[in-house]
Number of protein chains: 2
Amino acid sequence: GMNPDLASERQTASFSVEKLTARLDGGAEHTRTRRAVVEAIECDPVFSRENQYFQSQNERYEAAVRKAVHLQKKMHEMGWTEDGPEFKYIYRALSGDIAFLLHRIFMRSISVLGSKQQIAKWIPLATQYQLIGSYAQTELGHGTYLQGLETTAVFDITTQEFILNTPKISAMKWWPGDMGRSATHTVVFAQLYVHGKCYGVHPFIVQIRSLQDHSLCPGVTAGDIGPKMNFEHVDNGYLMLQNVRVPRENMLNKFCEVQPDGTYARWGSQKINYFTMTTVRISLISDEAVIPLMKACTIAIRYSVVRRQSKLKPGEQEAKILDYQTQQEKLLPQLAAAYAFHFINNYLQELFDKVYREIQRKKFDTLPELHAFSSGFKAMVTQYCTSAVAICLQACGGHGYSLLSGLPSLYTKIVASCIYEGENTILLLQTARFLIKCFMAASTGQPVPPSVTYLAAVKPGKCPAKNKLDFLSPDVYTEAYQHMAARLISSTAAKLQDLIQSGVKKTDAWNQCTVQLVQAAKAHCHYITVKNFAETVEKLETKAGIQKIMKHLCDLFALHGIFSNGGVFLHDGYISGAQMDMVTASYLDLLAVIRKDAVPLVDAFDFTDKSLNSALGSYDGQVYQRLYEWAQKSPTNKQMSPAYERYLKPLLHNTLSKL
Amino acid sequence: GMNPDLASERQTASFSVEKLTARLDGGAEHTRTRRAVVEAIECDPVFSRENQYFQSQNERYEAAVRKAVHLQKKMHEMGWTEDGPEFKYIYRALSGDIAFLLHRIFMRSISVLGSKQQIAKWIPLATQYQLIGSYAQTELGHGTYLQGLETTAVFDITTQEFILNTPKISAMKWWPGDMGRSATHTVVFAQLYVHGKCYGVHPFIVQIRSLQDHSLCPGVTAGDIGPKMNFEHVDNGYLMLQNVRVPRENMLNKFCEVQPDGTYARWGSQKINYFTMTTVRISLISDEAVIPLMKACTIAIRYSVVRRQSKLKPGEQEAKILDYQTQQEKLLPQLAAAYAFHFINNYLQELFDKVYREIQRKKFDTLPELHAFSSGFKAMVTQYCTSAVAICLQACGGHGYSLLSGLPSLYTKIVASCIYEGENTILLLQTARFLIKCFMAASTGQPVPPSVTYLAAVKPGKCPAKNKLDFLSPDVYTEAYQHMAARLISSTAAKLQDLIQSGVKKTDAWNQCTVQLVQAAKAHCHYITVKNFAETVEKLETKAGIQKIMKHLCDLFALHGIFSNGGVFLHDGYISGAQMDMVTASYLDLLAVIRKDAVPLVDAFDFTDKSLNSALGSYDGQVYQRLYEWAQKSPTNKQMSPAYERYLKPLLHNTLSKL
């Protein structure tokens, strides 16, 4: 049965949920394809996540391998291909618990960095899973700073081989997925030495496990790095190499080569590598940050209209917790952010497609902009979504803390997205470097990309809003964000210049400005997100109530940002204290407006119950029944604990006579 | 061996670590006692936490029961008593992984709510663990709002018994610790009915499991609620009662009683119950929030001087990550907060002792203040520490994400402290209610407690600081916090009045102000924390460098708060934009100053390696060796996964011919 409180929320939707879903998918035909994929995956018991919250690390790994192997078969059966329209929905349908994602990176690195011969040799084997690959870059002591890697590959001219070594413990490969237990091969990044001269980091294909019995190859030490906050289904591994020899042909040599006589040759542009990294960062924004946030919002908002607590008015029934202003203020801004980030992801995809078309015409001018923005948005969105998921979790009180709510595992997984594929602070500093460069160029009248031309026009000013309704004008708030971002970038650039002019070394000056540079980069991304949301709303169909509700969410996202970061808007008087009170008033008013549509707005994300895997968040709102049913399946209820016989019984044995 | 990078950090300490430790403990004799307790616990293998990160929920529960039972023996052996000086260090030494904490609440509730006869009957049995108790208040559908509980207890005059029932699923007891698997008895809170009339919620002692064989008693359904984000060592349980009868004597009847003829009698003051709750909230601030934050800071800061990444200057060695301003800005404010909250905890303890003395003299006037403040500080400190631990975790990059760092389990545990013993938002609203009341009283010249007299003197004004050094004056920043808190409280009170005067119902008006009320309550607690920190520094010994470094930390805590919450200080122009730049400059300068003493400042917390249980945070800084050693012990490395035989081998079997 359907929980009546939840049902009643759906009767009063101000817009068509189905039409909004189609809009989010980019058209109704995409919605149909997505649903067909989800249906096919979810009806197949091999892909079930039913007992996931009860599984050990070993069990989750086994399930992930089983699913990965089965997926090949399934794709064949269903006629899904990597180029087909279904492919992009598979990962979402599986909810990520699958092995061999690093195997895919292994293949991609060979495709991008390997010669035609190398591709012809390795890719068919990998495609058929006749070997299992991994990608071994990160070391125990070295992450983002690739030049610091310590693994060595020395060319032995007599045998025409490279000899790979892990010279010290900090040089062990550490973290590569699929490497701890599965991989037979891996691409190892190592410092190349020829005739005693170091040529920097290069990639080598290395076999690490026997194809016969999966035992470790001679000279190889490898294993699993143990338990993590999540990703228990992935066998992140360690790898130590002692005089492991690979033939000369195993260095990936599309761009450079060690010739038989030891001559080192290099050719072609490496800019494209840059581009690969960018691809990954953009693709993870949706899969690893926005979708998890959408799930968390769905769970928390549905629960908040089922859960009742205390009374708003004496004599009435206990109130739905979503009717409390404080609960709305926790959840509705996160809902607005999920939409904002969905649209910024579309924006980045479009930017990406444009750059990609230009690259194919050998034009690389727009690559720095794409790189800077994908870095900044990856950092901003993952950080924001991580905090947002934590808020959703805490907003569900005790039940949110149970794994059965689905929220803890969303949190423990999303938090990793702030670290992998570039630690967020480092990424934001890359964005900042680009912005400072553009600011300098713009100040001296040089051309800059359209997205940053606003930096040329930094000037003092005042927000023109006269009353709280003026703050519901996208022009007013977008202008405020633009002003604020430009001010932070220009003032940090000025500080940097001042330090350098006062004799501080450039590198020290940069370090002394990094806290502010990070702030400036975030401000830029926040501004673009607001601007893009407003522009998206502008273009939406006015029918079916979609544009109206999206306009409310856009306003909420923007005003929430001003309300929560008041300091940077008030700092130079662009917004006055009195105007900030107007912002606050409009912001709080919007909460009550959006609250009415909160459930339809999460329904539009269109997650199935299986995909949410949450006792709190199911479509029917049968929260308490489901918590009870699921709890009964816990392994802690399967048998009496040995602790009773061992520790409790001896204590309790002589109580009876006293009671 | 000692990591040389970490060793060098200790050679340049500007103060005596040992003296600071003694100051934190409240005297060198306390430090000695604490160390003796820690030593005795840690040298006992029964209390080992060595494999904790590899354990399943079942294993953690068993270990917790084993430790709880062994602790009784240990205390006897060591001559430690509940009144002795050692007692308060035991929980810290065990690092919380112990069973039967709810058994203690069971005992406390009987001591406070039970008659002399009830105490005489139950307390000796419980003390000897001849029964195991729990405390069943929360229900599946009901938390903080006690009046909403649905469990019923109907008096049957013919048998002189109460008949307890769980009328529907939302009425199941849910969450009580020690109840899922261990408890034989529990105190059940239920709506009392006599002759069809409801008398509200009352406590009843109910036996739920056989003392003979631990099977569930007739009419009782109970079990474990399953996996959680942490607290896997606790068997949080569910309980359903169907016509379970207990004798009339089992209703705890110090304050009220159902007499044999069904007459309901009530006497005495119940204010003291209020006080019990307050005790728990205060005690958890240190154990569950401040100590975990201190541990997280210790781990993250030690790791940040061992970890090197990228170069600050070309040609140099890679830099310690703590030498980056952004890393300092992540960690050092959290370190300052740990000290600030340690001192606010002392402040609350003193307030508590004062109120307790008055209560013994039957004076209850100061109870509302204590209640309001313990609620507010519980909320503020747990929320702040939770965010701070998350920052420490993320600041350690990938390795922080490994369970072996110790940081994930600190996070997943501390996040629960925001929810239990009163959900934070509800607690802050209680504080706000008190503050608004005091503000109203103060405005009309009525007397208010000394801690809130500042509310009487709300007036516009300007911060007198002329340059960045002025912001290192505690008077200047304390005044700024005071002004800001008073402004937020008075403006919210004004909004509330306006709404009510414009005809909005009182309860609706309150709900429409709750976002701002929460903000005001936090502001008050933040102000008191800064003020108390400054006053504590004032009183510190000037010798041994203690006062100087604590002054720096106090400045940092205060300026970080202004920097991060700029909006509320700039709002009415109390601080100008130009002054905010001074705050920022002083704040960033302080980071570089405190950075020099960062390691000695965490060393002073005096955690043993066993207590940190972290591969990243050990005293010797042998981070990489320890990660490798510990990873090898992971169950994922114990044997080849069955996934190989089942899924991988069939794929790989015909590869050999092709390679």
# chains A, B, ... in the order shown; residues from 1 in each chain; ligands from 1
>>> residues_around(residues="range 210-222 of chain B", least_positions_apart="2", cutoff="6 Å", atoms="only C-alpha atoms", output="short mmCIF file (atom, residue, chain, number, x, y, z; two decimals) with N, CA and C atoms, in the first residue's frame")
data_model
loop_
_atom_site.label_atom_id
_atom_site.label_comp_id
_atom_site.auth_asym_id
_atom_site.auth_seq_id
_atom_site.Cartn_x
_atom_site.Cartn_y
_atom_site.Cartn_z
N ILE B 208 12.79 -9.17 29.22
CA ILE B 208 12.55 -9.52 27.82
C ILE B 208 13.18 -10.85 27.40
N TYR B 238 15.46 -3.77 18.43
CA TYR B 238 14.03 -3.49 18.33
C TYR B 238 13.30 -4.37 19.31
N LEU B 239 12.09 -3.94 19.69
CA LEU B 239 11.33 -4.65 20.71
C LEU B 239 9.85 -4.44 20.46
N MET B 240 9.13 -5.55 20.38
CA MET B 240 7.69 -5.49 20.22
C MET B 240 7.08 -6.28 21.37
N LEU B 241 6.05 -5.74 22.01
CA LEU B 241 5.43 -6.39 23.17
C LEU B 241 3.98 -6.71 22.87
N GLN B 242 3.61 -7.95 23.14
CA GLN B 242 2.21 -8.34 22.95
C GLN B 242 1.67 -8.92 24.25
N VAL B 244 2.35 -8.31 27.31
CA VAL B 244 3.39 -8.68 28.29
C VAL B 244 2.99 -8.07 29.63
#
>>> residues_around(residues="range 293-296 of chain B", least_positions_apart="4", cutoff="6 Å", atoms="only C-alpha atoms", output="PyMOL selection string")
chain B and resi 338+385+389
>>> write_last_selection(atoms="all heavy atoms", output="short mmCIF file (atom, residue, chain, number, x, y, z; two decimals), in the first residue's frame")
data_model
loop_
_atom_site.label_atom_id
_atom_site.label_comp_id
_atom_site.auth_asym_id
_atom_site.auth_seq_id
_atom_site.Cartn_x
_atom_site.Cartn_y
_atom_site.Cartn_z
N ALA B 338 39.73 22.49 18.62
CA ALA B 338 39.84 21.42 19.61
C ALA B 338 40.22 22.00 20.97
O ALA B 338 39.65 21.62 22.01
CB ALA B 338 40.87 20.38 19.17
N CYS B 385 32.67 19.79 15.46
CA CYS B 385 33.68 18.71 15.49
C CYS B 385 33.44 17.71 14.35
O CYS B 385 34.39 17.18 13.79
CB CYS B 385 33.68 18.00 16.84
SG CYS B 385 34.31 19.03 18.19
N VAL B 389 36.29 16.92 11.71
CA VAL B 389 36.86 15.60 11.47
C VAL B 389 36.78 15.27 9.97
O VAL B 389 37.72 14.71 9.39
CB VAL B 389 36.15 14.51 12.32
CG1 VAL B 389 36.56 13.11 11.88
CG2 VAL B 389 36.48 14.70 13.79
#
>>> select_by_dssp(residues="range 49-297 of chain B", states="strand (DSSP E or B)", output="number ranges by chain")
B: 135-136, 139, 142, 152-156, 161-165, 173-174, 185-194, 197-207, 209, 216, 220-224, 228, 237-241, 244-247, 251, 256-258, 264-266
>>> write_last_selection(atoms="C-alpha atoms", output="mmCIF file, in the first residue's frame")
data_model
loop_
_atom_site.group_PDB
_atom_site.id
_atom_site.type_symbol
_atom_site.label_atom_id
_atom_site.label_comp_id
_atom_site.auth_asym_id
_atom_site.auth_seq_id
_atom_site.Cartn_x
_atom_site.Cartn_y
_atom_site.Cartn_z
ATOM 1 C CA TYR B 135 16.613 1.643 28.271
ATOM 2 C CA ALA B 136 13.754 1.556 25.793
ATOM 3 C CA GLU B 139 10.285 4.123 19.025
ATOM 4 C CA HIS B 142 8.985 8.547 17.618
ATOM 5 C CA THR B 152 0.799 1.264 26.058
ATOM 6 C CA ALA B 153 0.715 -0.022 29.630
ATOM 7 C CA VAL B 154 -2.804 -0.794 30.861
ATOM 8 C CA PHE B 155 -3.376 -1.442 34.551
ATOM 9 C CA ASP B 156 -5.270 -4.650 35.238
ATOM 10 C CA GLU B 161 -0.385 -6.041 36.757
ATOM 11 C CA PHE B 162 0.381 -3.719 33.877
ATOM 12 C CA ILE B 163 -0.227 -5.154 30.417
ATOM 13 C CA LEU B 164 2.249 -3.775 27.906
ATOM 14 C CA ASN B 165 1.560 -3.639 24.202
ATOM 15 C CA LYS B 173 11.008 0.284 20.450
ATOM 16 C CA TRP B 174 13.897 0.924 18.050
ATOM 17 C CA HIS B 185 15.608 -6.518 31.169
ATOM 18 C CA THR B 186 14.771 -3.056 30.011
ATOM 19 C CA VAL B 187 13.044 0.066 31.197
ATOM 20 C CA VAL B 188 10.146 0.570 28.791
ATOM 21 C CA PHE B 189 8.509 3.961 28.430
ATOM 22 C CA ALA B 190 4.804 3.591 27.752
ATOM 23 C CA GLN B 191 1.539 5.522 27.925
ATOM 24 C CA LEU B 192 -0.073 4.554 31.206
ATOM 25 C CA TYR B 193 -3.772 3.751 31.142
ATOM 26 C CA VAL B 194 -5.859 3.157 34.286
ATOM 27 C CA LYS B 197 -7.796 7.081 31.241
ATOM 28 C CA CYS B 198 -4.357 7.984 29.871
ATOM 29 C CA TYR B 199 -1.867 9.413 32.367
ATOM 30 C CA GLY B 200 0.995 9.976 29.933
ATOM 31 C CA VAL B 201 4.401 8.345 29.558
ATOM 32 C CA HIS B 202 5.799 6.293 32.453
ATOM 33 C CA PRO B 203 8.738 3.898 32.899
ATOM 34 C CA PHE B 204 8.288 0.161 33.531
ATOM 35 C CA ILE B 205 10.867 -2.523 34.215
ATOM 36 C CA VAL B 206 10.213 -5.378 31.800
ATOM 37 C CA GLN B 207 12.028 -8.678 31.489
ATOM 38 C CA ARG B 209 14.827 -12.585 27.806
ATOM 39 C CA LEU B 216 12.815 -14.265 24.329
ATOM 40 C CA VAL B 220 8.319 -10.453 23.311
ATOM 41 C CA THR B 221 9.747 -9.981 19.816
ATOM 42 C CA ALA B 222 13.237 -8.500 19.792
ATOM 43 C CA GLY B 223 16.364 -8.388 17.699
ATOM 44 C CA ASP B 224 19.172 -6.270 16.310
ATOM 45 C CA LYS B 228 24.881 1.264 10.939
ATOM 46 C CA GLY B 237 17.701 -3.335 19.102
ATOM 47 C CA TYR B 238 14.026 -3.490 18.325
ATOM 48 C CA LEU B 239 11.330 -4.650 20.709
ATOM 49 C CA MET B 240 7.691 -5.491 20.219
ATOM 50 C CA LEU B 241 5.433 -6.387 23.173
ATOM 51 C CA VAL B 244 3.388 -8.677 28.288
ATOM 52 C CA ARG B 245 2.434 -8.486 31.952
ATOM 53 C CA VAL B 246 4.573 -6.986 34.717
ATOM 54 C CA PRO B 247 3.625 -6.655 38.390
ATOM 55 C CA MET B 251 6.468 0.856 37.395
ATOM 56 C CA CYS B 256 4.154 8.666 41.056
ATOM 57 C CA GLU B 257 2.338 5.422 41.618
ATOM 58 C CA VAL B 258 -0.706 3.456 40.663
ATOM 59 C CA TYR B 264 -3.055 7.424 40.384
ATOM 60 C CA ALA B 265 -0.870 9.451 42.728
ATOM 61 C CA ARG B 266 1.928 11.880 41.842
#
>>> closest_atom_pairs(of="chain A", to="chain B", cutoff="7 Å", atoms="only C-alpha atoms", output="JSON lines")
{"residue": "A:Phe54", "atom": "CA", "partner": "B:Pro227", "partner_atom": "CA", "distance": 7.0}
{"residue": "A:Asn58", "atom": "CA", "partner": "B:Thr636", "partner_atom": "CA", "distance": 6.0}
{"residue": "A:Glu62", "atom": "CA", "partner": "B:Ala643", "partner_atom": "CA", "distance": 5.3}
{"residue": "A:Val65", "atom": "CA", "partner": "B:Ala643", "partner_atom": "CA", "distance": 6.8}
{"residue": "A:Arg66", "atom": "CA", "partner": "B:Tyr647", "partner_atom": "CA", "distance": 6.3}
{"residue": "A:Val69", "atom": "CA", "partner": "B:Tyr647", "partner_atom": "CA", "distance": 6.8}
{"residue": "A:Tyr129", "atom": "CA", "partner": "B:Leu651", "partner_atom": "CA", "distance": 6.3}
{"residue": "A:Gln130", "atom": "CA", "partner": "B:Leu652", "partner_atom": "CA", "distance": 4.7}
{"residue": "A:Leu131", "atom": "CA", "partner": "B:Leu652", "partner_atom": "CA", "distance": 6.1}
{"residue": "A:Leu140", "atom": "CA", "partner": "B:Tyr624", "partner_atom": "CA", "distance": 6.7}
{"residue": "A:His142", "atom": "CA", "partner": "B:Gln309", "partner_atom": "CA", "distance": 6.9}
{"residue": "A:Tyr145", "atom": "CA", "partner": "B:Ser310", "partner_atom": "CA", "distance": 5.5}
{"residue": "A:Ile169", "atom": "CA", "partner": "B:Tyr624", "partner_atom": "CA", "distance": 6.8}
{"residue": "A:Ser170", "atom": "CA", "partner": "B:Tyr624", "partner_atom": "CA", "distance": 6.3}
{"residue": "A:Leu211", "atom": "CA", "partner": "B:Leu652", "partner_atom": "CA", "distance": 6.5}
{"residue": "A:Gly223", "atom": "CA", "partner": "B:Asn637", "partner_atom": "CA", "distance": 6.3}
{"residue": "A:Asp224", "atom": "CA", "partner": "B:Asn637", "partner_atom": "CA", "distance": 6.1}
{"residue": "A:Ile225", "atom": "CA", "partner": "B:Ala631", "partner_atom": "CA", "distance": 4.9}
{"residue": "A:Gly226", "atom": "CA", "partner": "B:Ala631", "partner_atom": "CA", "distance": 5.1}
{"residue": "A:Pro227", "atom": "CA", "partner": "B:Leu403", "partner_atom": "CA", "distance": 5.6}
{"residue": "A:Lys228", "atom": "CA", "partner": "B:Ser402", "partner_atom": "CA", "distance": 4.3}
{"residue": "A:Met229", "atom": "CA", "partner": "B:Tyr401", "partner_atom": "CA", "distance": 5.9}
{"residue": "A:Gln309", "atom": "CA", "partner": "B:Tyr145", "partner_atom": "CA", "distance": 6.4}
{"residue": "A:Ser310", "atom": "CA", "partner": "B:Tyr145", "partner_atom": "CA", "distance": 5.5}
{"residue": "A:Leu312", "atom": "CA", "partner": "B:Thr507", "partner_atom": "CA", "distance": 6.4}
{"residue": "A:Lys313", "atom": "CA", "partner": "B:Thr507", "partner_atom": "CA", "distance": 6.3}
{"residue": "A:Tyr324", "atom": "CA", "partner": "B:Asn511", "partner_atom": "CA", "distance": 6.5}
{"residue": "A:Gln325", "atom": "CA", "partner": "B:Asn511", "partner_atom": "CA", "distance": 6.1}
{"residue": "A:Thr326", "atom": "CA", "partner": "B:Val515", "partner_atom": "CA", "distance": 5.4}
{"residue": "A:Gly397", "atom": "CA", "partner": "B:Ile419", "partner_atom": "CA", "distance": 5.7}
{"residue": "A:Gly398", "atom": "CA", "partner": "B:Ile419", "partner_atom": "CA", "distance": 6.3}
{"residue": "A:Tyr401", "atom": "CA", "partner": "B:Met229", "partner_atom": "CA", "distance": 5.9}
{"residue": "A:Ser402", "atom": "CA", "partner": "B:Lys228", "partner_atom": "CA", "distance": 4.3}
{"residue": "A:Leu403", "atom": "CA", "partner": "B:Lys228", "partner_atom": "CA", "distance": 4.8}
{"residue": "A:Pro408", "atom": "CA", "partner": "B:Met229", "partner_atom": "CA", "distance": 6.0}
{"residue": "A:Ile419", "atom": "CA", "partner": "B:Gly397", "partner_atom": "CA", "distance": 5.8}
{"residue": "A:Thr507", "atom": "CA", "partner": "B:Lys313", "partner_atom": "CA", "distance": 6.3}
{"residue": "A:Asn511", "atom": "CA", "partner": "B:Gln325", "partner_atom": "CA", "distance": 6.1}
{"residue": "A:Gln512", "atom": "CA", "partner": "B:Gln325", "partner_atom": "CA", "distance": 6.4}
{"residue": "A:Thr514", "atom": "CA", "partner": "B:Thr326", "partner_atom": "CA", "distance": 6.1}
{"residue": "A:Val515", "atom": "CA", "partner": "B:Thr326", "partner_atom": "CA", "distance": 5.4}
{"residue": "A:Asn565", "atom": "CA", "partner": "B:Gly567", "partner_atom": "CA", "distance": 6.6}
{"residue": "A:Gly566", "atom": "CA", "partner": "B:Gly567", "partner_atom": "CA", "distance": 4.1}
{"residue": "A:Gly567", "atom": "CA", "partner": "B:Gly567", "partner_atom": "CA", "distance": 3.6}
{"residue": "A:Leu570", "atom": "CA", "partner": "B:Leu570", "partner_atom": "CA", "distance": 6.5}
{"residue": "A:His571", "atom": "CA", "partner": "B:Gly577", "partner_atom": "CA", "distance": 4.7}
{"residue": "A:Asp572", "atom": "CA", "partner": "B:Gly577", "partner_atom": "CA", "distance": 5.7}
{"residue": "A:Gly577", "atom": "CA", "partner": "B:His571", "partner_atom": "CA", "distance": 4.6}
{"residue": "A:Tyr624", "atom": "CA", "partner": "B:Ser170", "partner_atom": "CA", "distance": 6.3}
{"residue": "A:Ala631", "atom": "CA", "partner": "B:Ile225", "partner_atom": "CA", "distance": 4.9}
{"residue": "A:Ser634", "atom": "CA", "partner": "B:Gly226", "partner_atom": "CA", "distance": 5.2}
{"residue": "A:Thr636", "atom": "CA", "partner": "B:Asn58", "partner_atom": "CA", "distance": 6.0}
{"residue": "A:Asn637", "atom": "CA", "partner": "B:Asp224", "partner_atom": "CA", "distance": 6.1}
{"residue": "A:Ala643", "atom": "CA", "partner": "B:Glu62", "partner_atom": "CA", "distance": 5.3}
{"residue": "A:Tyr647", "atom": "CA", "partner": "B:Arg66", "partner_atom": "CA", "distance": 6.3}
{"residue": "A:Leu651", "atom": "CA", "partner": "B:Gln130", "partner_atom": "CA", "distance": 5.8}
{"residue": "A:Leu652", "atom": "CA", "partner": "B:Gln130", "partner_atom": "CA", "distance": 4.7}
{"residue": "A:Thr655", "atom": "CA", "partner": "B:Gln130", "partner_atom": "CA", "distance": 5.2}
{"residue": "A:Leu656", "atom": "CA", "partner": "B:Leu211", "partner_atom": "CA", "distance": 6.7}
>>> select_by_dssp(residues="range 223-300 of chain A", states="alpha helix (DSSP H)", output="VMD selection string")
chain A and resid 271 to 284 291 to 300
>>> write_last_selection(atoms="C-alpha atoms", output="mmCIF file, in the first residue's frame")
data_model
loop_
_atom_site.group_PDB
_atom_site.id
_atom_site.type_symbol
_atom_site.label_atom_id
_atom_site.label_comp_id
_atom_site.auth_asym_id
_atom_site.auth_seq_id
_atom_site.Cartn_x
_atom_site.Cartn_y
_atom_site.Cartn_z
ATOM 1 C CA LYS A 271 48.182 17.666 -25.308
ATOM 2 C CA ILE A 272 45.658 14.983 -26.003
ATOM 3 C CA ASN A 273 46.541 13.227 -22.711
ATOM 4 C CA TYR A 274 45.430 16.285 -20.931
ATOM 5 C CA PHE A 275 42.158 15.830 -22.765
ATOM 6 C CA THR A 276 41.680 12.245 -21.549
ATOM 7 C CA MET A 277 41.969 13.387 -17.932
ATOM 8 C CA THR A 278 39.437 16.103 -18.649
ATOM 9 C CA THR A 279 36.996 13.543 -20.059
ATOM 10 C CA VAL A 280 37.142 11.514 -16.868
ATOM 11 C CA ARG A 281 36.604 14.546 -14.661
ATOM 12 C CA ILE A 282 33.551 15.641 -16.592
ATOM 13 C CA SER A 283 32.012 12.189 -16.700
ATOM 14 C CA LEU A 284 32.364 11.697 -12.968
ATOM 15 C CA ILE A 291 23.219 11.344 -9.202
ATOM 16 C CA PRO A 292 24.175 10.413 -5.630
ATOM 17 C CA LEU A 293 22.940 13.814 -4.467
ATOM 18 C CA MET A 294 19.675 13.316 -6.349
ATOM 19 C CA LYS A 295 19.289 9.957 -4.610
ATOM 20 C CA ALA A 296 20.018 11.461 -1.198
ATOM 21 C CA CYS A 297 17.431 14.195 -1.812
ATOM 22 C CA THR A 298 14.868 11.639 -2.910
ATOM 23 C CA ILE A 299 15.379 9.567 0.216
ATOM 24 C CA ALA A 300 15.455 12.467 2.664
#
>>> atom_distance(atom1="CA of Ser286 in chain A", atom2="CA of Gln349 in chain A")
10.4 Å
>>> decode(residues="range 58-73 of chain B", atoms="C-alpha atoms", output="mmCIF file, in the first residue's frame")
data_model
loop_
_atom_site.group_PDB
_atom_site.id
_atom_site.type_symbol
_atom_site.label_atom_id
_atom_site.label_comp_id
_atom_site.auth_asym_id
_atom_site.auth_seq_id
_atom_site.Cartn_x
_atom_site.Cartn_y
_atom_site.Cartn_z
ATOM 1 C CA ASN B 58 29.146 -9.752 14.766
ATOM 2 C CA GLU B 59 32.824 -9.760 15.664
ATOM 3 C CA ARG B 60 32.734 -6.219 16.957
ATOM 4 C CA TYR B 61 29.765 -6.994 19.148
ATOM 5 C CA GLU B 62 31.464 -10.046 20.595
ATOM 6 C CA ALA B 63 34.634 -8.098 21.305
ATOM 7 C CA ALA B 64 32.638 -5.343 23.011
ATOM 8 C CA VAL B 65 30.877 -7.832 25.290
ATOM 9 C CA ARG B 66 34.178 -9.550 26.071
ATOM 10 C CA LYS B 67 35.715 -6.231 27.010
ATOM 11 C CA ALA B 68 32.776 -5.158 29.149
ATOM 12 C CA VAL B 69 32.855 -8.367 31.135
ATOM 13 C CA HIS B 70 36.634 -8.287 31.466
ATOM 14 C CA LEU B 71 36.565 -4.672 32.584
ATOM 15 C CA GLN B 72 34.732 -5.618 35.778
ATOM 16 C CA LYS B 73 37.527 -8.027 36.626
#
